[in-house]
file target.cif (mmCIF, C-alpha atoms)
data_start
loop_
_atom_site.label_atom_id
_atom_site.label_comp_id
_atom_site.auth_asym_id
_atom_site.auth_seq_id
_atom_site.Cartn_x
_atom_site.Cartn_y
_atom_site.Cartn_z
CA GLU A 53 -4.63 17.17 -8.54
CA VAL A 54 -5.55 13.99 -6.69
CA GLN A 55 -5.67 14.53 -2.94
CA LEU A 56 -6.40 12.06 -0.18
CA VAL A 57 -6.52 13.38 3.37
CA GLU A 58 -6.93 10.99 6.28
CA SER A 59 -8.23 12.04 9.68
CA GLY A 60 -9.61 10.53 12.86
CA GLY A 61 -6.47 8.97 14.30
CA GLY A 62 -5.48 9.31 17.92
CA LEU A 63 -4.90 7.54 21.20
CA VAL A 64 -7.44 4.91 22.21
CA LYS A 65 -7.51 2.27 24.93
CA PRO A 66 -7.45 -1.44 24.13
CA GLY A 67 -10.95 -2.63 23.36
CA GLY A 68 -11.98 0.83 22.24
CA SER A 69 -13.22 2.09 18.89
CA LEU A 70 -12.15 4.69 16.38
CA ARG A 71 -13.44 5.83 13.01
CA LEU A 72 -11.00 6.95 10.36
CA SER A 73 -12.00 9.12 7.42
CA CYS A 74 -10.35 9.82 4.09
CA ALA A 75 -11.47 12.89 2.18
CA ALA A 76 -10.87 12.63 -1.55
CA SER A 77 -10.64 15.41 -4.11
CA GLY A 78 -9.32 16.06 -7.59
CA PHE A 79 -10.95 13.03 -9.21
CA THR A 80 -14.31 11.31 -9.65
CA PHE A 81 -14.34 9.41 -6.36
CA SER A 82 -17.26 7.18 -7.31
CA SER A 83 -15.28 5.67 -10.19
CA TYR A 84 -12.43 4.23 -8.16
CA SER A 85 -11.80 1.44 -5.70
CA MET A 86 -10.27 2.50 -2.41
CA ASN A 87 -8.08 0.83 0.15
CA TRP A 88 -6.73 1.12 3.67
CA VAL A 89 -3.11 0.16 4.29
CA ARG A 90 -1.32 0.42 7.63
CA GLN A 91 2.24 0.54 8.84
CA ALA A 92 3.21 -0.24 12.42
CA PRO A 93 6.09 1.83 13.82
CA GLY A 94 9.33 0.69 12.22
CA LYS A 95 7.59 -2.08 10.29
CA GLY A 96 6.51 -2.77 6.71
CA LEU A 97 3.29 -2.12 4.88
CA GLU A 98 0.22 -4.20 5.67
CA TRP A 99 -2.94 -4.13 3.55
CA VAL A 100 -6.06 -3.77 5.69
CA SER A 101 -9.11 -3.58 3.45
CA SER A 102 -10.40 -2.75 -0.02
CA ILE A 103 -13.78 -1.56 -1.29
CA SER A 104 -14.93 -1.35 -4.89
CA SER A 105 -16.33 1.82 -6.42
CA SER A 106 -19.96 0.95 -5.72
CA SER A 107 -19.25 -0.94 -2.48
CA SER A 108 -20.23 -4.19 -4.18
CA TYR A 109 -16.97 -5.87 -3.29
CA ILE A 110 -15.23 -5.64 0.07
CA TYR A 111 -12.27 -7.59 1.39
CA TYR A 112 -10.46 -7.56 4.71
CA ALA A 113 -7.15 -8.84 6.00
CA ASP A 114 -7.59 -11.75 8.38
CA SER A 115 -5.98 -9.67 11.12
CA VAL A 116 -8.91 -7.21 11.16
CA LYS A 117 -11.82 -9.31 9.90
CA GLY A 118 -14.80 -9.04 12.20
CA ARG A 119 -13.41 -5.97 13.97
CA PHE A 120 -12.98 -3.39 11.20
CA THR A 121 -15.56 -2.17 8.69
CA ILE A 122 -14.72 -0.29 5.52
CA SER A 123 -17.33 1.92 3.89
CA ARG A 124 -17.63 4.85 1.55
CA ASP A 125 -19.98 7.70 0.79
CA ASN A 126 -19.65 8.60 -2.88
CA ALA A 127 -21.87 11.65 -2.43
CA LYS A 128 -19.42 13.00 0.14
CA ASN A 129 -16.25 11.79 -1.64
CA SER A 130 -15.24 10.02 1.53
CA LEU A 131 -13.85 6.68 2.62
CA TYR A 132 -14.17 5.35 6.17
CA LEU A 133 -12.71 2.70 8.40
CA GLN A 134 -14.64 1.83 11.55
CA MET A 135 -12.27 0.11 13.94
CA ASN A 136 -13.70 -1.76 16.93
CA SER A 137 -12.17 -3.98 19.61
CA LEU A 138 -8.82 -2.31 19.05
CA ARG A 139 -5.66 -4.07 20.14
CA ALA A 140 -2.14 -2.89 20.81
CA GLU A 141 -1.04 -4.52 17.56
CA ASP A 142 -3.39 -2.22 15.63
CA THR A 143 -1.08 0.69 16.48
CA ALA A 144 0.06 2.05 13.13
CA VAL A 145 -0.11 4.83 10.61
CA TYR A 146 -3.18 4.21 8.48
CA TYR A 147 -3.07 5.26 4.83
CA CYS A 148 -5.91 5.44 2.37
CA ALA A 149 -5.02 4.72 -1.24
CA ARG A 150 -6.85 4.93 -4.54
CA SER A 151 -6.78 2.07 -7.03
CA SER A 152 -7.76 2.13 -10.68
CA CYS A 153 -9.25 -1.33 -10.30
CA PHE A 154 -10.42 -3.54 -7.48
CA SER A 155 -7.69 -5.68 -5.91
CA CYS A 156 -4.90 -3.88 -7.72
CA TYR A 157 -2.13 -1.43 -6.89
CA GLY A 158 -2.47 1.76 -4.91
CA GLU A 159 -1.77 4.57 -7.35
CA TYR A 160 -2.29 7.54 -5.04
CA TRP A 161 -1.79 7.60 -1.29
CA GLY A 162 -2.74 9.96 1.50
CA GLN A 163 -0.26 11.19 4.10
CA GLY A 164 -1.62 8.85 6.79
CA THR A 165 -3.13 9.19 10.24
CA LEU A 166 -1.59 7.69 13.36
CA VAL A 167 -3.57 5.35 15.59
CA ILE A 168 -2.11 4.43 18.97
CA VAL A 169 -3.78 1.74 21.03
CA SER A 170 -2.49 1.90 24.56
CA SER A 171 -3.76 1.97 28.12
CA GLN B 221 4.28 -12.80 8.10
CA SER B 222 4.50 -11.55 4.51
CA VAL B 223 4.10 -14.02 1.66
CA LEU B 224 6.42 -11.96 -0.55
CA THR B 225 10.11 -12.10 0.30
CA GLN B 226 12.57 -9.28 -0.39
CA PRO B 227 16.19 -8.82 0.70
CA PRO B 228 16.35 -6.59 3.80
CA SER B 229 18.86 -4.21 2.25
CA VAL B 230 20.88 -3.43 -0.85
CA SER B 231 23.50 -0.76 -1.40
CA ALA B 232 25.64 0.72 -4.11
CA ALA B 233 27.63 3.83 -4.92
CA PRO B 234 26.10 6.85 -6.67
CA GLY B 235 25.65 6.22 -10.38
CA GLN B 236 25.64 2.46 -9.98
CA LYS B 237 22.76 0.01 -10.39
CA VAL B 238 20.85 -2.01 -7.83
CA THR B 239 18.26 -4.71 -8.23
CA ILE B 240 15.68 -5.78 -5.66
CA SER B 241 14.06 -9.18 -5.87
CA CYS B 242 10.56 -10.12 -4.74
CA SER B 243 9.80 -13.80 -4.42
CA GLY B 244 6.29 -15.18 -4.18
CA SER B 245 4.17 -18.07 -5.40
CA SER B 246 1.69 -19.04 -8.07
CA SER B 247 -1.20 -17.61 -6.04
CA ASN B 248 0.26 -14.13 -6.05
CA ILE B 249 3.12 -13.07 -8.34
CA GLY B 250 2.71 -16.07 -10.60
CA ASN B 251 -0.79 -15.08 -11.70
CA ASN B 252 -1.19 -11.40 -10.90
CA TYR B 253 0.43 -8.11 -11.80
CA VAL B 254 3.18 -6.77 -9.54
CA ALA B 255 3.60 -3.20 -8.35
CA TRP B 256 6.54 -1.53 -6.67
CA TYR B 257 6.37 1.30 -4.15
CA GLN B 258 8.99 3.72 -2.87
CA GLN B 259 8.76 5.07 0.66
CA LEU B 260 11.12 7.92 1.45
CA PRO B 261 11.86 8.44 5.17
CA GLY B 262 8.88 9.86 7.00
CA THR B 263 6.59 9.95 3.97
CA ALA B 264 3.76 7.95 2.47
CA PRO B 265 4.45 5.21 -0.08
CA LYS B 266 4.55 6.24 -3.73
CA LEU B 267 3.78 4.05 -6.72
CA LEU B 268 6.90 3.40 -8.83
CA ILE B 269 5.94 0.53 -11.10
CA TYR B 270 2.59 -1.09 -11.88
CA ASP B 271 1.49 -4.03 -14.02
CA ASN B 272 4.97 -5.57 -13.67
CA ASN B 273 6.86 -3.03 -15.77
CA LYS B 274 4.86 0.15 -16.36
CA ARG B 275 5.89 3.50 -14.92
CA PRO B 276 3.35 6.12 -13.83
CA SER B 277 3.72 9.56 -15.28
CA GLY B 278 6.63 11.40 -13.69
CA ILE B 279 8.63 8.33 -12.70
CA PRO B 280 12.04 8.43 -14.40
CA ASP B 281 13.13 5.57 -16.62
CA ARG B 282 15.97 4.85 -14.20
CA PHE B 283 13.36 2.70 -12.47
CA SER B 284 12.32 -0.53 -14.19
CA GLY B 285 10.35 -3.62 -13.31
CA SER B 286 10.24 -7.17 -14.60
CA LYS B 287 8.57 -10.44 -13.71
CA SER B 288 9.45 -14.04 -14.38
CA GLY B 289 7.39 -16.90 -13.02
CA THR B 290 6.84 -16.35 -9.31
CA SER B 291 9.47 -13.65 -8.90
CA ALA B 292 9.69 -9.98 -9.74
CA THR B 293 12.58 -7.54 -9.85
CA LEU B 294 12.93 -3.80 -9.46
CA GLY B 295 15.96 -2.19 -11.03
CA ILE B 296 17.33 1.25 -10.28
CA THR B 297 20.09 2.61 -12.50
CA GLY B 298 22.11 5.78 -12.08
CA LEU B 299 21.62 5.60 -8.34
CA GLN B 300 21.17 8.95 -6.60
CA THR B 301 21.24 9.94 -2.94
CA GLY B 302 17.57 10.82 -3.28
CA ASP B 303 16.82 7.16 -4.02
CA GLU B 304 17.62 6.19 -0.43
CA ALA B 305 14.32 4.76 0.72
CA ASP B 306 12.41 1.61 1.52
CA TYR B 307 11.02 -0.26 -1.47
CA TYR B 308 8.09 -2.67 -1.38
CA CYS B 309 6.64 -5.02 -3.94
CA GLY B 310 2.92 -5.74 -3.88
CA THR B 311 0.35 -7.87 -5.63
CA TRP B 312 -3.02 -9.55 -5.16
CA ASP B 313 -3.00 -13.02 -3.68
CA SER B 314 -5.84 -15.02 -5.21
CA SER B 315 -5.76 -17.72 -2.53
CA LEU B 316 -5.85 -15.29 0.37
CA SER B 317 -8.19 -12.82 -1.37
CA ALA B 318 -5.88 -10.18 -0.04
CA TYR B 319 -3.39 -7.65 -1.33
CA VAL B 320 0.06 -8.62 -0.11
CA PHE B 321 3.20 -6.55 0.27
CA GLY B 322 6.78 -7.69 0.29
CA THR B 323 8.91 -7.54 3.41
CA GLY B 324 10.56 -4.35 2.18
CA THR B 325 14.10 -3.49 1.10
CA LYS B 326 16.14 -0.56 2.31
CA VAL B 327 18.30 1.00 -0.39
CA THR B 328 21.45 2.74 0.80
CA VAL B 329 23.59 4.92 -1.45
CA LEU B 330 27.18 4.57 -0.30
#

call {"tool": "encode", "arguments": {"input": "target.cif", "output": "structure tokens"}}
result
Amino acid sequence: EVQLVESGGGLVKPGGSLRLSCAASGFTFSSYSMNWVRQAPGKGLEWVSSISSSSSYIYYADSVKGRFTISRDNAKNSLYLQMNSLRAEDTAVYYCARSSCFSCYGEYWGQGTLVIVSS
Amino acid sequence: QSVLTQPPSVSAAPGQKVTISCSGSSSNIGNNYVAWYQQLPGTAPKLLIYDNNKRPSGIPDRFSGSKSGTSATLGITGLQTGDEADYYCGTWDSSLSAYVFGTGTKVTVL
């Protein structure tokens, strides 16, 4: 069974940093592209970033470019999102999602982790 | 501001059919596959349709997808109370080099 479990969310002050993790199990992690998608309270889905299976290809949404860094450790079956210079508008539930190909649909999703940026 | 436009809400009685439109452009829907996601209240999104019209294992055939030009449509037949959720279309935008989601549609079963 495919499982994706996000962690690392919490309350952080504007300008602060946070590192999210996504632990994957039930599939060969190194064979799949991975993504981060967020959802602000009461709002729609917003794609954040994607990384290919070998980390050769990485894309970011303009809203986080230069502040967020996606990475993965295939040996640890883990996906990460380093978030720096956080803003109030980054407050959201952050989901990790697996894709069968780079730049395509999210076929499995984690349950999400909540990030609140507030003073 | 999403580049994919969906109606904010649709509704119908149990057993009836609803359709949800997703309008885009040649840089996204027009030249890339479309997926549809269902988000039940308080839960993570779930893939309903991929590659315009394919259903993942376990998704009932009451759910269908189609694409024509720069628009896509999700259809739900035999509407059930358990179908009350938010539905999002999504696709890659080649100009933005970004995955884009629709604005979302809330389905209400009357």

call {"tool": "resolve_selection", "arguments": {"input": "target.cif", "expression": "the PyMOL selection byres ((chain A) within 8 of (chain B))", "output": "PyMOL selection string"}}
result
chain A and resi 96-99+111-113+147+155-164

call {"tool": "residues_near_point", "arguments": {"input": "target.cif", "point": "(-13.4, -1.0, 17.8)", "cutoff": "7 Å", "atoms": "all atoms listed in the file", "output": "list in words"}}
result
Gly67, Gly68, Ser69, Leu70, Arg119, Gln134, Met135, Asn136, Ser137 and Leu138 of chain A

call {"tool": "write_last_selection", "arguments": {"input": "target.cif", "atoms": "C-alpha atoms", "output": "PDB file, in the frame of the given file"}}
result
ATOM      1  CA  GLY A  67     -10.950  -2.630  23.360  1.00  0.00           C
ATOM      2  CA  GLY A  68     -11.980   0.830  22.240  1.00  0.00           C
ATOM      3  CA  SER A  69     -13.220   2.090  18.890  1.00  0.00           C
ATOM      4  CA  LEU A  70     -12.150   4.690  16.380  1.00  0.00           C
ATOM      5  CA  ARG A 119     -13.410  -5.970  13.970  1.00  0.00           C
ATOM      6  CA  GLN A 134     -14.640   1.830  11.550  1.00  0.00           C
ATOM      7  CA  MET A 135     -12.270   0.110  13.940  1.00  0.00           C
ATOM      8  CA  ASN A 136     -13.700  -1.760  16.930  1.00  0.00           C
ATOM      9  CA  SER A 137     -12.170  -3.980  19.610  1.00  0.00           C
ATOM     10  CA  LEU A 138      -8.820  -2.310  19.050  1.00  0.00           C
TER      11      LEU A 138
END

call {"tool": "resolve_selection", "arguments": {"input": "target.cif", "expression": "the PyMOL selection byres ((chain B and resi 286) around 9)", "output": "PyMOL selection string"}}
result
chain B and resi 254+272-273+284-285+287-288+291-295

call {"tool": "atom_distance", "arguments": {"input": "target.cif", "atom1": "atom CA of A:Leu56", "atom2": "atom CA of B:Arg282"}}
result
27.4 Å

call {"tool": "residues_around", "arguments": {"input": "target.cif", "residues": "B:Leu299", "least_positions_apart": "5", "cutoff": "8 Å", "atoms": "only C-alpha atoms", "output": "PyMOL selection string"}}
result
chain B and resi 232-238+329

call {"tool": "residues_around", "arguments": {"input": "target.cif", "residues": "B:Glu304", "least_positions_apart": "5", "cutoff": "10 Å", "atoms": "only C-alpha atoms", "output": "mmCIF file with C-alpha atoms, keeping the file's coordinate frame"}}
result
data_model
loop_
_atom_site.group_PDB
_atom_site.id
_atom_site.type_symbol
_atom_site.label_atom_id
_atom_site.label_comp_id
_atom_site.auth_asym_id
_atom_site.auth_seq_id
_atom_site.Cartn_x
_atom_site.Cartn_y
_atom_site.Cartn_z
ATOM 1 C CA SER B 231 23.500 -0.760 -1.400
ATOM 2 C CA GLN B 258 8.990 3.720 -2.870
ATOM 3 C CA GLN B 259 8.760 5.070 0.660
ATOM 4 C CA LEU B 260 11.120 7.920 1.450
ATOM 5 C CA PRO B 261 11.860 8.440 5.170
ATOM 6 C CA LEU B 299 21.620 5.600 -8.340
ATOM 7 C CA LYS B 326 16.140 -0.560 2.310
ATOM 8 C CA VAL B 327 18.300 1.000 -0.390
ATOM 9 C CA THR B 328 21.450 2.740 0.800
ATOM 10 C CA VAL B 329 23.590 4.920 -1.450
ATOM 11 C CA LEU B 330 27.180 4.570 -0.300
#

call {"tool": "atom_distance", "arguments": {"input": "target.cif", "atom1": "atom CA of A:Ile122", "atom2": "atom CA of B:Arg275"}}
result
29.3 Å

call {"tool": "atom_distance", "arguments": {"input": "target.cif", "atom1": "atom CA of B:Pro280", "atom2": "atom CA of A:Phe154"}}
result
26.4 Å

call {"tool": "closest_residue", "arguments": {"input": "target.cif", "among": "A:Val57, A:Ile103, A:Ile110, A:Leu166", "to": "A:Ser83", "atoms": "only C-alpha atoms"}}
result
A:Ile103

call {"tool": "closest_residue", "arguments": {"input": "target.cif", "among": "A:Thr121, A:Gln91, A:Ser102, A:Asn126", "to": "A:Asp142", "atoms": "only C-alpha atoms"}}
result
A:Gln91

call {"tool": "residues_around", "arguments": {"input": "target.cif", "residues": "A:Val167", "least_positions_apart": "6", "cutoff": "10 Å", "atoms": "only C-alpha atoms", "output": "compact mmCIF listing (two decimals) with C-alpha atoms, keeping the file's coordinate frame"}}
result
# COMPACT_ATOMS: atom_id res chain seq x y z
CA GLY A 60 -9.61 10.53 12.86
CA GLY A 61 -6.47 8.97 14.30
CA GLY A 62 -5.48 9.31 17.92
CA LEU A 63 -4.90 7.54 21.20
CA VAL A 64 -7.44 4.91 22.21
CA LEU A 70 -12.15 4.69 16.38
CA LEU A 72 -11.00 6.95 10.36
CA ARG A 90 -1.32 0.42 7.63
CA ALA A 92 3.21 -0.24 12.42
CA LEU A 138 -8.82 -2.31 19.05
CA ALA A 140 -2.14 -2.89 20.81
CA ASP A 142 -3.39 -2.22 15.63
CA THR A 143 -1.08 0.69 16.48
CA ALA A 144 0.06 2.05 13.13
CA VAL A 145 -0.11 4.83 10.61
CA TYR A 146 -3.18 4.21 8.48

call {"tool": "closest_residue", "arguments": {"input": "target.cif", "among": "A:Ala127, A:Cys153, A:Leu133, A:Ile168", "to": "A:Ser77", "atoms": "all atoms listed in the file"}}
result
A:Ala127
